[in-house]
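Reproduced below: my_file_23.pdb, with PDB, C-alpha atoms.
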```pdb
MODEL        1
ATOM      1  CA  MET A   1      14.520  15.638 -31.096
ATOM      2  CA  ARG A   2      15.156  16.368 -27.436
ATOM      3  CA  GLU A   3      11.459  15.873 -26.606
ATOM      4  CA  GLU A   4      11.416  12.472 -28.328
ATOM      5  CA  THR A   5      14.357  11.359 -26.216
ATOM      6  CA  ASN A   6      12.571  12.395 -23.022
ATOM      7  CA  LEU A   7       9.415  10.536 -24.070
ATOM      8  CA  THR A   8      11.233   7.328 -24.879
ATOM      9  CA  VAL A   9      13.169   7.487 -21.634
ATOM     10  CA  SER A  10      10.062   8.127 -19.496
ATOM     11  CA  ARG A  11       7.899   5.375 -21.007
ATOM     12  CA  PRO A  12      10.010   2.474 -19.762
ATOM     13  CA  ASN A  13      10.202   4.116 -16.342
ATOM     14  CA  LEU A  14       6.411   4.398 -16.158
ATOM     15  CA  LEU A  15       6.032   0.833 -17.346
ATOM     16  CA  ARG A  16       8.513  -0.268 -14.697
ATOM     17  CA  ALA A  17       6.583   1.713 -12.076
ATOM     18  CA  TRP A  18       3.118   0.407 -12.983
ATOM     19  CA  TRP A  19       3.516  -3.210 -14.104
ATOM     20  CA  PRO A  20       3.560  -4.667 -10.551
ATOM     21  CA  ALA A  21       0.246  -2.959  -9.697
ATOM     22  CA  LEU A  22      -1.307  -4.103 -12.965
ATOM     23  CA  VAL A  23      -0.183  -7.705 -12.435
ATOM     24  CA  TRP A  24      -1.529  -7.587  -8.866
ATOM     25  CA  MET A  25      -4.918  -6.342 -10.105
ATOM     26  CA  VAL A  26      -5.051  -9.217 -12.610
ATOM     27  CA  LEU A  27      -4.300 -11.604  -9.724
ATOM     28  CA  ILE A  28      -7.127 -10.072  -7.686
ATOM     29  CA  ALA A  29      -9.485 -10.458 -10.661
ATOM     30  CA  PHE A  30      -8.454 -14.119 -11.032
ATOM     31  CA  GLU A  31      -9.081 -14.732  -7.330
ATOM     32  CA  SER A  32     -12.529 -13.223  -7.790
ATOM     33  CA  THR A  33     -13.657 -16.151  -9.948
ATOM     34  CA  ASP A  34     -15.754 -19.188  -9.046
ATOM     35  CA  PHE A  35     -12.573 -21.251  -8.608
ATOM     36  CA  PHE A  36     -11.627 -19.201  -5.532
ATOM     37  CA  SER A  37     -15.054 -19.176  -3.905
ATOM     38  CA  ALA A  38     -15.203 -20.078  -0.217
ATOM     39  CA  GLU A  39     -16.803 -23.403  -1.116
ATOM     40  CA  HIS A  40     -13.981 -24.407  -3.444
ATOM     41  CA  THR A  41     -11.069 -23.143  -1.365
ATOM     42  CA  GLY A  42     -12.647 -24.573   1.774
ATOM     43  CA  SER A  43     -13.092 -28.058   0.375
ATOM     44  CA  MET A  44      -9.554 -28.135  -1.049
ATOM     45  CA  LEU A  45      -8.016 -26.815   2.157
ATOM     46  CA  TYR A  46     -10.092 -29.097   4.392
ATOM     47  CA  THR A  47      -9.049 -32.135   2.322
ATOM     48  CA  LEU A  48      -5.392 -31.111   2.485
ATOM     49  CA  LEU A  49      -5.416 -30.441   6.228
ATOM     50  CA  THR A  50      -7.217 -33.678   7.094
ATOM     51  CA  ARG A  51      -4.712 -35.643   5.029
ATOM     52  CA  LEU A  52      -1.823 -33.949   6.780
ATOM     53  CA  PHE A  53      -3.183 -33.861  10.347
ATOM     54  CA  GLY A  54      -6.014 -36.392  10.511
ATOM     55  CA  GLN A  55      -9.569 -35.591  11.495
ATOM     56  CA  ILE A  56     -10.269 -31.889  12.135
ATOM     57  CA  ASP A  57     -13.329 -30.405  13.821
ATOM     58  CA  PHE A  58     -15.271 -29.067  10.845
ATOM     59  CA  TYR A  59     -16.765 -26.101  12.712
ATOM     60  CA  LYS A  60     -13.363 -24.973  13.951
ATOM     61  CA  PHE A  61     -12.106 -25.334  10.397
ATOM     62  CA  LEU A  62     -14.915 -23.078   9.127
ATOM     63  CA  VAL A  63     -13.878 -20.356  11.584
ATOM     64  CA  PHE A  64     -10.211 -20.788  10.607
ATOM     65  CA  HIS A  65     -11.106 -20.681   6.913
ATOM     66  CA  HIS A  66     -13.177 -17.529   7.371
ATOM     67  CA  TYR A  67     -10.326 -15.666   9.080
ATOM     68  CA  LEU A  68      -7.808 -17.005   6.586
ATOM     69  CA  ARG A  69      -9.867 -15.570   3.727
ATOM     70  CA  LYS A  70     -10.221 -12.202   5.502
ATOM     71  CA  THR A  71      -6.447 -12.182   6.106
ATOM     72  CA  GLY A  72      -6.095 -12.703   2.360
ATOM     73  CA  HIS A  73      -8.199  -9.590   1.807
ATOM     74  CA  VAL A  74      -6.040  -7.535   4.175
ATOM     75  CA  VAL A  75      -2.750  -8.663   2.670
ATOM     76  CA  GLY A  76      -3.957  -8.570  -0.936
ATOM     77  CA  TYR A  77      -5.399  -5.076  -0.826
ATOM     78  CA  GLY A  78      -2.657  -3.780   1.451
ATOM     79  CA  VAL A  79      -0.058  -4.854  -1.096
ATOM     80  CA  LEU A  80      -2.156  -3.359  -3.902
ATOM     81  CA  SER A  81      -2.221   0.009  -2.145
ATOM     82  CA  VAL A  82       1.562   0.038  -1.796
ATOM     83  CA  LEU A  83       2.023  -0.964  -5.430
ATOM     84  CA  LEU A  84      -0.347   1.805  -6.500
ATOM     85  CA  LEU A  85       1.603   4.229  -4.301
ATOM     86  CA  ARG A  86       4.773   3.157  -6.096
ATOM     87  CA  GLY A  87       3.183   3.814  -9.472
ATOM     88  CA  TRP A  88       1.767   7.195  -8.523
ATOM     89  CA  ARG A  89       5.021   8.350  -6.938
ATOM     90  CA  ALA A  90       6.853   7.573 -10.176
ATOM     91  CA  THR A  91       4.161   9.240 -12.296
ATOM     92  CA  LEU A  92       3.449  12.515 -10.494
ATOM     93  CA  VAL A  93       5.698  15.516 -10.399
ATOM     94  CA  ARG A  94       7.212  16.102  -6.989
ATOM     95  CA  ASP A  95       5.796  19.198  -5.343
ATOM     96  CA  HIS A  96       4.862  20.314  -1.831
ATOM     97  CA  ALA A  97       2.300  17.499  -1.574
ATOM     98  CA  TRP A  98       4.460  14.912  -3.326
ATOM     99  CA  LEU A  99       3.781  12.131  -0.816
ATOM    100  CA  TRP A 100       0.196  12.907   0.194
ATOM    101  CA  ARG A 101      -1.163  13.147  -3.353
ATOM    102  CA  PRO A 102       0.179   9.738  -4.486
ATOM    103  CA  ALA A 103      -0.981   8.168  -1.211
ATOM    104  CA  TRP A 104      -4.472   9.618  -1.657
ATOM    105  CA  LEU A 105      -4.648   8.371  -5.253
ATOM    106  CA  ALA A 106      -3.336   4.946  -4.196
ATOM    107  CA  TRP A 107      -6.018   4.669  -1.520
ATOM    108  CA  LEU A 108      -8.762   5.738  -3.943
ATOM    109  CA  GLY A 109      -7.474   3.185  -6.464
ATOM    110  CA  THR A 110      -7.492   0.467  -3.824
ATOM    111  CA  ALA A 111     -11.063   1.297  -2.784
ATOM    112  CA  PHE A 112     -12.136   1.383  -6.446
ATOM    113  CA  VAL A 113     -10.584  -2.022  -7.225
ATOM    114  CA  ALA A 114     -12.171  -3.457  -4.055
ATOM    115  CA  ALA A 115     -15.600  -2.119  -5.041
ATOM    116  CA  MET A 116     -15.292  -3.419  -8.610
ATOM    117  CA  ASP A 117     -14.109  -6.803  -7.323
ATOM    118  CA  GLU A 118     -17.097  -7.171  -5.011
ATOM    119  CA  TRP A 119     -19.456  -5.929  -7.741
ATOM    120  CA  HIS A 120     -18.001  -8.571 -10.089
ATOM    121  CA  GLN A 121     -18.455 -11.264  -7.432
ATOM    122  CA  SER A 122     -22.117 -10.349  -7.026
ATOM    123  CA  TYR A 123     -22.707 -11.757 -10.542
ATOM    124  CA  ILE A 124     -21.053 -15.117  -9.809
ATOM    125  CA  PRO A 125     -23.499 -17.630  -8.264
ATOM    126  CA  SER A 126     -20.893 -19.187  -5.941
ATOM    127  CA  ARG A 127     -19.649 -15.785  -4.721
ATOM    128  CA  THR A 128     -21.207 -12.898  -2.843
ATOM    129  CA  GLY A 129     -20.394  -9.232  -3.150
ATOM    130  CA  SER A 130     -20.145  -7.546   0.222
ATOM    131  CA  ILE A 131     -19.842  -3.890   1.136
ATOM    132  CA  TRP A 132     -18.112  -5.094   4.306
ATOM    133  CA  ASP A 133     -15.339  -6.623   2.233
ATOM    134  CA  VAL A 134     -14.944  -3.312   0.387
ATOM    135  CA  ALA A 135     -14.635  -1.593   3.775
ATOM    136  CA  LEU A 136     -12.118  -4.197   5.008
ATOM    137  CA  ASP A 137     -10.064  -3.886   1.815
ATOM    138  CA  SER A 138     -10.106  -0.081   1.965
ATOM    139  CA  VAL A 139      -9.085   0.015   5.623
ATOM    140  CA  ALA A 140      -6.319  -2.515   4.917
ATOM    141  CA  GLY A 141      -5.076  -0.321   2.074
ATOM    142  CA  LEU A 142      -5.117   2.717   4.355
ATOM    143  CA  GLY A 143      -3.194   0.842   7.050
ATOM    144  CA  PHE A 144      -0.498  -0.297   4.629
ATOM    145  CA  LEU A 145      -0.261   3.222   3.189
ATOM    146  CA  LEU A 146       0.221   4.712   6.648
ATOM    147  CA  VAL A 147       3.059   2.289   7.320
ATOM    148  CA  ALA A 148       4.572   3.119   3.907
ATOM    149  CA  TYR A 149       4.201   6.851   4.586
ATOM    150  CA  PHE A 150       6.086   6.723   7.870
ATOM    151  CA  TRP A 151       8.675   4.400   6.356
ATOM    152  CA  LEU A 152       9.267   6.788   3.455
ATOM    153  CA  ARG A 153       9.384   9.836   5.739
ATOM    154  CA  ARG A 154      11.930   8.094   7.949
ATOM    155  CA  SER A 155      14.103   7.097   4.996
ATOM    156  CA  GLU A 156      14.018  10.682   3.649
ATOM    157  CA  LYS A 157      15.241  12.075   6.967
ATOM    158  CA  VAL A 158      18.112   9.599   6.970
ATOM    159  CA  ALA A 159      19.160  10.492   3.410
TER     160      ALA A 159
ENDMDL
END
```
Give the structure from the file, written as structure tokens.
Amino acid sequence: MREETNLTVSRPNLLRAWWPALVWMVLIAFESTDFFSAEHTGSMLYTLLTRLFGQIDFYKFLVFHHYLRKTGHVVGYGVLSVLLLRGWRATLVRDHAWLWRPAWLAWLGTAFVAAMDEWHQSYIPSRTGSIWDVALDSVAGLGFLLVAYFWLRRSEKVA
């Protein structure tokens, strides 16, 4: 009976730990569709900006749009890495490597999702799969994880 109680108590905690990462991965998958291709987001954004600000130099807009999309990669996969870190920290038993192991698994998960996302995009005619985007996403995840690591270490020293 005692074991059943522990199982029922731990399941909601794991669900609470992992649902944000799962929802974020679904969002990434949705953004990987034809609807969010550069052509579609560019035309919608260009129309919106020209209505708000008048005529815009199209070539400058293309550069802006490119960097905006890459910023989306950095933020999207950076957040994913932190959400995966949250899930792994709640799942794994704390031991001598209690922060490094979850961080390593979070980074591997981020790189895996990035690779699968780009692989998926390679099958969509309006999208392209790029190894450079996988690299950007993985480096972004690593950067966010480093910030989270030092933040968590600092908060542990205070406590």
TODO: Kindly indicate which residue among A:Tyr149, A:Phe112, A:Phe144, A:Trp119 lies nearest to Arg89 in chain A, using all atoms listed in the file for the distances.
DONE: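 Ranking A:Tyr149, A:Phe112, A:Phe144, A:Trp119 by distance to Arg89 in chain A, first place goes to A:Tyr149.
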Task: Separation of CA of Ala106 in chain A from CA of Leu142 in chain A, in Å and rounded to one decimal - done: 9.0 Å
- [ ] Quote the spacing between CA of Trp100 in chain A and CA of Gly87 in chain A in Å to one decimal place.
- [x] 13.6 Å
- [ ] Please write as a PyMOL selection string the list of polymer residues whose atoms come within 10 Å of (6.1, 3.2, -6.6), counting all atoms listed in the file and keeping to the coordinates of the file.
- [x] chain A and resi 14+16-18+20-21+81-91+102+106
Open item on the list: Here's the selection I'm unsure about, the PyMOL selection byres ((chain A and resi 113) around 12); applied to the file above, which residues does it give, as a ChimeraX atom specification?
Closed with: /A:21-22,24-29,32,76-78,80-81,84,106-112,114-120,133-135,137-138,141
- [ ] Would you mind telling me which residue in A:Arg127, A:Val79, A:Phe64, A:Arg94 lies nearest to Glu39 in chain A when using all atoms listed in the file?
- [x]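 The answer is A:Arg127, which sits nearest to Glu39 in chain A.
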